[in-house]
Structure formats: C-alpha cells, structure tokens
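Below is one structure, written out as structure tokens, with a few remarks after it.
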Amino acid sequence: MQNSHALTLNAVNSFYGDSHILRDVSFSVTAGRVLALLGRNGAGKTTCMNTIAGLMKPRSGHVSVFGRSIEGFSPEAICQAGVALVPQGRRIFKSLSVTENLVVARRRPAPTGRVVWDNEDIFKLFPRLQERRSHPAGRLSGGEQQMLAIGRALMTNPTVLLMDEPTEGLAPQIVAEVGRIIGQLRESGLSIVLVEQHTNFALRIADDVVIISTGEIVAHGSAAEVIHDSSLLNNHLGVH
Ligand SMILES: Nc1ncnc2c1ncn2[C@@H]1O[C@H](COP(=O)(O)OP(=O)(O)OP(=O)(O)O)[C@@H](O)[C@H]1O
Ligand SMILES: [Mg+2]
C-alpha cells in the first residue's frame, strides 16, 4: 500500500563523475518503523542518504515521500517535504552555542499535523544539552555533539529522519543512549532510516533491514529474519 510507505526509492542510480555508485537501488520504509541500512565501508550508504536528501542528484530513478515524488527538488524543498538528515560526522557549527545551532536549523512548521519541535522540546529530550545551552558546540563531548546533530534535524519538523552513523566514535554507554532516543522518536511516529556499521546495535533497534554492497541492495527483510541469517551477515557485513 502506497500510503503506508514513508519513503520509497525506485531504481535509483547515483554517480560521482564517471563512478557509478548506487546501482538500481530500490527499497521502502514503512511509516512509523526504523529501517537499518547496513553495509561495509564504501558500500554507498552515505551516497544513498545524500541522494535522498537532495545533496546529490540521482542520474535516474525516483524517490518519493509518503507517495509524493521529490524528483528535482532542492535540498531545502526536500526538507520542507519532511525529510531531515543527521549527517555522518555530525556537521554542527562548532563556534556557535548549542541554542544557536538549534535556532539556525529551525524551519517554518509544516502544515500537515506534524510534530513541531522547538528548543525546549529538544532540551526535554536531551537534558545534557540544556545544561550546556550557552556553550560553544565545539566544546561538547562527542556524544553531546551527536545529540545536538539529532536535535538540529528535529528542528526541521521531519516525518522521515535519516541518521547516518549516529553512533560512530561513541562510547558504549552513549551508543545505548542514542538507541533509547531512536526508540522514543519511533514512538512519536517518526519513520527512520538508520545507517550503521554497528550491526548488532542496528539489528536490536531496527524493524526492517536493507543491506547494500558495492552500491547494490543485496538483502531486504525484517530484522528478525536477518539477525538469524549468519551467512548473509558474514558475506556482506563481515559479522561472524
Ligand atoms: N566525493 C566523492 N567523489 C568520488 N567518489 C566518492 C566520493 N564520496 C564517496 N565516493 C566513493 O563512493 C563510494 C561510496 O561511498 P559512501 O561514502 O557512500 O560509502 P559509505 O557506505 O557511506 O561508507 P562509510 O561506511 O565509510 O561511511 C566509495 O567507493 C567512495 O570511495
Ligand atoms: Mg558513510
């Protein structure tokens, strides 16, 4: 059913110059669920996120959000359509304060019954950020910077949240905290794509899983199915 799909990619091909990276990538994210996009280094996960967010134009194929095509949309228009990216490496403004980082990410609220986020809502979700609201973001810990990056994405009032390796470089305790937050965001109704190299973490959290290998989707199933498919995990993710 079209309406139950928050995000659909249909035969998407993306290139860097002559390098053909995404090869006929197709998958859908069911509304209100977390889909983990897994793959080794260089498999094309970030290219896929950037293509959805409009930072790269696909050479062919289609992307739609709740059944509405976003073909040819600018990154800003894709954001207005409800898609927010938490970029790999966080990309916060290090010299701005925590509050300033949130304020500059704010967008006009979207009309269609979306959850509308403001600074105070972000601070409720991340009390540690509230304590550090006036600090330059560059002085936060890695985990706090990741929380700020998530907060910045939420300030755009998304319906679809793309998270590109949100646990990269974080201590286990903070990874668990990020996992708890993702669960809460799903409860609030968000549809989430979680890009991860921490396979076990992702399989614990996600409802559905897509595996990408050298730009091609090689598996698509429920997390419960994939978690027991050791040859799949071994062949494509190097998990033993
Ligand atoms: N700006 C670029 N110009 C040319 N090739 C690029 C560029 N960025 C990435 N690539 C290539 O595209 C392929 C996919 O890269 P991508 O960053 O999407 O992988 P990834 O799955 O996100 O990897 P990682 O887990 O390391 O983040 C890789 O072969 C990479 O070398
Ligand atoms: Mg990447």
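We name chains A, B, ... following the order of the structure tokens; residues begin at 1 in each chain, and ligands are numbered from 1 as shown.
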
Would you mind listing, for every residue of range 38-146 of chain A within 8 Å of range 4-18 of chain A, the two atoms forming the shortest contact and the distance between them in Å to one decimal, using only C-alpha atoms, sorted by chain and ascending residue number, as a Markdown table?
| residue | atom | partner | partner_atom | distance |
| --- | --- | --- | --- | --- |
| A:Thr47 | CA | A:Ser14 | CA | 7.7 |
| A:Thr51 | CA | A:Ser14 | CA | 7.4 |
| A:Met56 | CA | A:Ser14 | CA | 7.6 |
| A:Lys57 | CA | A:Ser14 | CA | 7.0 |
| A:Pro58 | CA | A:Ser14 | CA | 4.5 |
| A:Arg59 | CA | A:Ser14 | CA | 5.5 |
| A:Ser60 | CA | A:Asn13 | CA | 5.3 |
| A:Gly61 | CA | A:Val12 | CA | 4.0 |
| A:His62 | CA | A:Asn10 | CA | 5.1 |
| A:Val63 | CA | A:Leu9 | CA | 4.6 |
| A:Ser64 | CA | A:Thr8 | CA | 5.2 |
| A:Val65 | CA | A:Leu7 | CA | 4.6 |
| A:Phe66 | CA | A:Ala6 | CA | 4.5 |
| A:Gly67 | CA | A:His5 | CA | 7.1 |

* To do: Return as a ChimeraX atom specification the residues of protein, DNA or RNA that approach ligand 2 to within 12 Å, with only C-alpha atoms and all ligand atoms taken into account.
  => /A:37-50,86-90,163-166,168,194-197,212

* Residue list (strand (DSSP E), DSSP) for range 11-148 of chain A, as a PyMOL selection string -> chain A and resi 11-16+19-30+34-38+60-65+68-69+83-86

* Surrounding residues of range 119-128 of chain A excluding itself and chain neighbours under 2 positions, 12 Å, only C-alpha atoms, as number ranges by chain -> A: 98-106, 115-117, 130-135, 140-141, 143-157, 177-178, 180-185, 188

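With only C-alpha atoms and all ligand atoms as the atoms that count, the minimum distance from ligand 1 to the choices A:Leu55, A:Ile227, A:Ala81, A:Val34 is reached by A:Leu55.
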
* Asked: Got a sec: who's within 8 Å of Leu190 in chain A, counting only C-alpha atoms, leaving out chain neighbours fewer than 5 positions off, as a PyMOL selection string?
  -> chain A and resi 31-33+158-161+185

* To do: Take CA of Leu129 in chain A and CA of Glu187 in chain A and report the distance between them in Å, one decimal.
  =>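 Distance reported for this atom pair: 21.5 Å.
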
* Structure fact -> Separating CA of Val210 in chain A from CA of Leu35 in chain A, to the nearest tenth of an Å, is a gap of 7.2 Å

* To do: Please give the complete set of residues from range 42-166 of chain A that DSSP, run on the backbone, assigns to alpha helix (DSSP H), formatted as a ChimeraX atom specification.
  => /A:45-52,75-80,98-105,119-125,127-131,142-154

Keeping only N, CA and C atoms, take the residues you just selected and write them out as a compact mmCIF listing (two decimals), in the first residue's frame.
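Result file is result26.txt:
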# COMPACT_ATOMS: atom_id res chain seq x y z
N LYS A 45 26.36 3.85 1.50
CA LYS A 45 25.31 4.24 2.44
C LYS A 45 25.15 5.76 2.48
N THR A 46 26.25 6.48 2.61
CA THR A 46 26.17 7.94 2.67
C THR A 46 25.70 8.50 1.33
N THR A 47 26.16 7.90 0.25
CA THR A 47 25.69 8.33 -1.08
C THR A 47 24.17 8.19 -1.15
N CYS A 48 23.65 7.12 -0.59
CA CYS A 48 22.21 6.90 -0.59
C CYS A 48 21.50 7.97 0.25
N MET A 49 22.01 8.25 1.44
CA MET A 49 21.40 9.29 2.30
C MET A 49 21.44 10.65 1.61
N ASN A 50 22.60 10.97 1.02
CA ASN A 50 22.75 12.28 0.37
C ASN A 50 21.86 12.40 -0.86
N THR A 51 21.62 11.28 -1.53
CA THR A 51 20.73 11.30 -2.69
C THR A 51 19.30 11.55 -2.24
N ILE A 52 18.88 10.88 -1.17
CA ILE A 52 17.51 11.10 -0.66
C ILE A 52 17.33 12.55 -0.23
N PRO A 75 17.57 20.57 -1.90
CA PRO A 75 17.64 20.07 -0.52
C PRO A 75 16.65 20.78 0.42
N GLU A 76 16.49 22.07 0.21
CA GLU A 76 15.55 22.84 1.05
C GLU A 76 14.11 22.36 0.86
N ALA A 77 13.75 22.11 -0.41
CA ALA A 77 12.38 21.64 -0.70
C ALA A 77 12.17 20.23 -0.15
N ILE A 78 13.21 19.42 -0.18
CA ILE A 78 13.09 18.06 0.37
C ILE A 78 12.92 18.13 1.89
N CYS A 79 13.62 19.08 2.50
CA CYS A 79 13.46 19.31 3.93
C CYS A 79 12.02 19.74 4.23
N GLN A 80 11.50 20.65 3.43
CA GLN A 80 10.11 21.10 3.61
C GLN A 80 9.12 19.96 3.41
N VAL A 98 25.06 25.92 21.66
CA VAL A 98 24.07 24.86 21.47
C VAL A 98 22.74 25.44 21.00
N THR A 99 22.26 26.46 21.71
CA THR A 99 20.97 27.06 21.33
C THR A 99 21.02 27.65 19.93
N GLU A 100 22.13 28.33 19.61
CA GLU A 100 22.23 28.92 18.26
C GLU A 100 22.20 27.83 17.19
N ASN A 101 22.87 26.70 17.45
CA ASN A 101 22.83 25.59 16.49
C ASN A 101 21.41 25.14 16.23
N LEU A 102 20.61 25.11 17.29
CA LEU A 102 19.21 24.67 17.13
C LEU A 102 18.40 25.73 16.37
N VAL A 103 18.60 26.98 16.75
CA VAL A 103 17.78 28.05 16.18
C VAL A 103 18.03 28.17 14.67
N VAL A 104 19.30 28.05 14.25
CA VAL A 104 19.56 28.23 12.81
C VAL A 104 19.04 27.04 11.99
N ALA A 105 18.74 25.94 12.64
CA ALA A 105 18.21 24.78 11.91
C ALA A 105 16.69 24.85 11.76
N ASN A 119 13.22 24.58 20.70
CA ASN A 119 14.41 24.35 21.55
C ASN A 119 14.07 23.59 22.82
N GLU A 120 12.95 24.02 23.45
CA GLU A 120 12.63 23.44 24.75
C GLU A 120 12.29 21.95 24.62
N ASP A 121 11.67 21.58 23.50
CA ASP A 121 11.38 20.15 23.28
C ASP A 121 12.69 19.37 23.13
N ILE A 122 13.64 19.97 22.43
CA ILE A 122 14.93 19.29 22.24
C ILE A 122 15.62 19.14 23.61
N PHE A 123 15.50 20.18 24.43
CA PHE A 123 16.14 20.11 25.75
C PHE A 123 15.46 19.07 26.65
N LYS A 124 14.16 18.87 26.46
CA LYS A 124 13.49 17.81 27.23
C LYS A 124 14.01 16.44 26.83
N LEU A 125 14.24 16.29 25.52
CA LEU A 125 14.76 15.01 25.02
C LEU A 125 16.21 14.80 25.44
N PRO A 127 18.47 16.44 28.17
CA PRO A 127 18.73 17.38 29.28
C PRO A 127 20.18 17.84 29.34
N ARG A 128 21.10 17.01 28.88
CA ARG A 128 22.53 17.42 28.91
C ARG A 128 22.77 18.63 28.01
N LEU A 129 22.00 18.73 26.94
CA LEU A 129 22.16 19.90 26.06
C LEU A 129 21.63 21.16 26.73
N GLN A 130 20.58 21.00 27.53
CA GLN A 130 20.05 22.16 28.23
C GLN A 130 21.09 22.73 29.20
N GLU A 131 21.77 21.83 29.91
CA GLU A 131 22.81 22.29 30.84
C GLU A 131 23.91 23.04 30.12
N GLY A 142 31.74 14.15 22.35
CA GLY A 142 31.27 13.54 21.10
C GLY A 142 29.81 13.14 21.17
N GLY A 143 29.42 12.56 22.30
CA GLY A 143 28.02 12.14 22.46
C GLY A 143 27.07 13.33 22.46
N GLU A 144 27.48 14.41 23.14
CA GLU A 144 26.63 15.61 23.18
C GLU A 144 26.53 16.24 21.79
N GLN A 145 27.63 16.22 21.05
CA GLN A 145 27.59 16.76 19.69
C GLN A 145 26.64 15.94 18.81
N GLN A 146 26.63 14.63 19.02
CA GLN A 146 25.70 13.79 18.24
C GLN A 146 24.26 14.12 18.61
N MET A 147 24.01 14.32 19.90
CA MET A 147 22.65 14.68 20.33
C MET A 147 22.24 16.02 19.72
N LEU A 148 23.19 16.95 19.65
CA LEU A 148 22.89 18.25 19.03
C LEU A 148 22.59 18.08 17.54
N ALA A 149 23.34 17.20 16.88
CA ALA A 149 23.08 16.95 15.45
C ALA A 149 21.68 16.38 15.25
N ILE A 150 21.27 15.49 16.15
CA ILE A 150 19.91 14.93 16.07
C ILE A 150 18.89 16.04 16.34
N GLY A 151 19.18 16.86 17.35
CA GLY A 151 18.30 17.98 17.68
C GLY A 151 18.13 18.94 16.51
N ARG A 152 19.23 19.21 15.82
CA ARG A 152 19.15 20.12 14.65
C ARG A 152 18.23 19.54 13.58
N ALA A 153 18.32 18.24 13.36
CA ALA A 153 17.44 17.61 12.36
C ALA A 153 15.98 17.69 12.80
N LEU A 154 15.73 17.48 14.09
CA LEU A 154 14.35 17.51 14.59
C LEU A 154 13.74 18.91 14.48

* Structure fact -> CA of Ala171 in chain A sits from CA of Asn200 in chain A at a separation of 15.0 Å
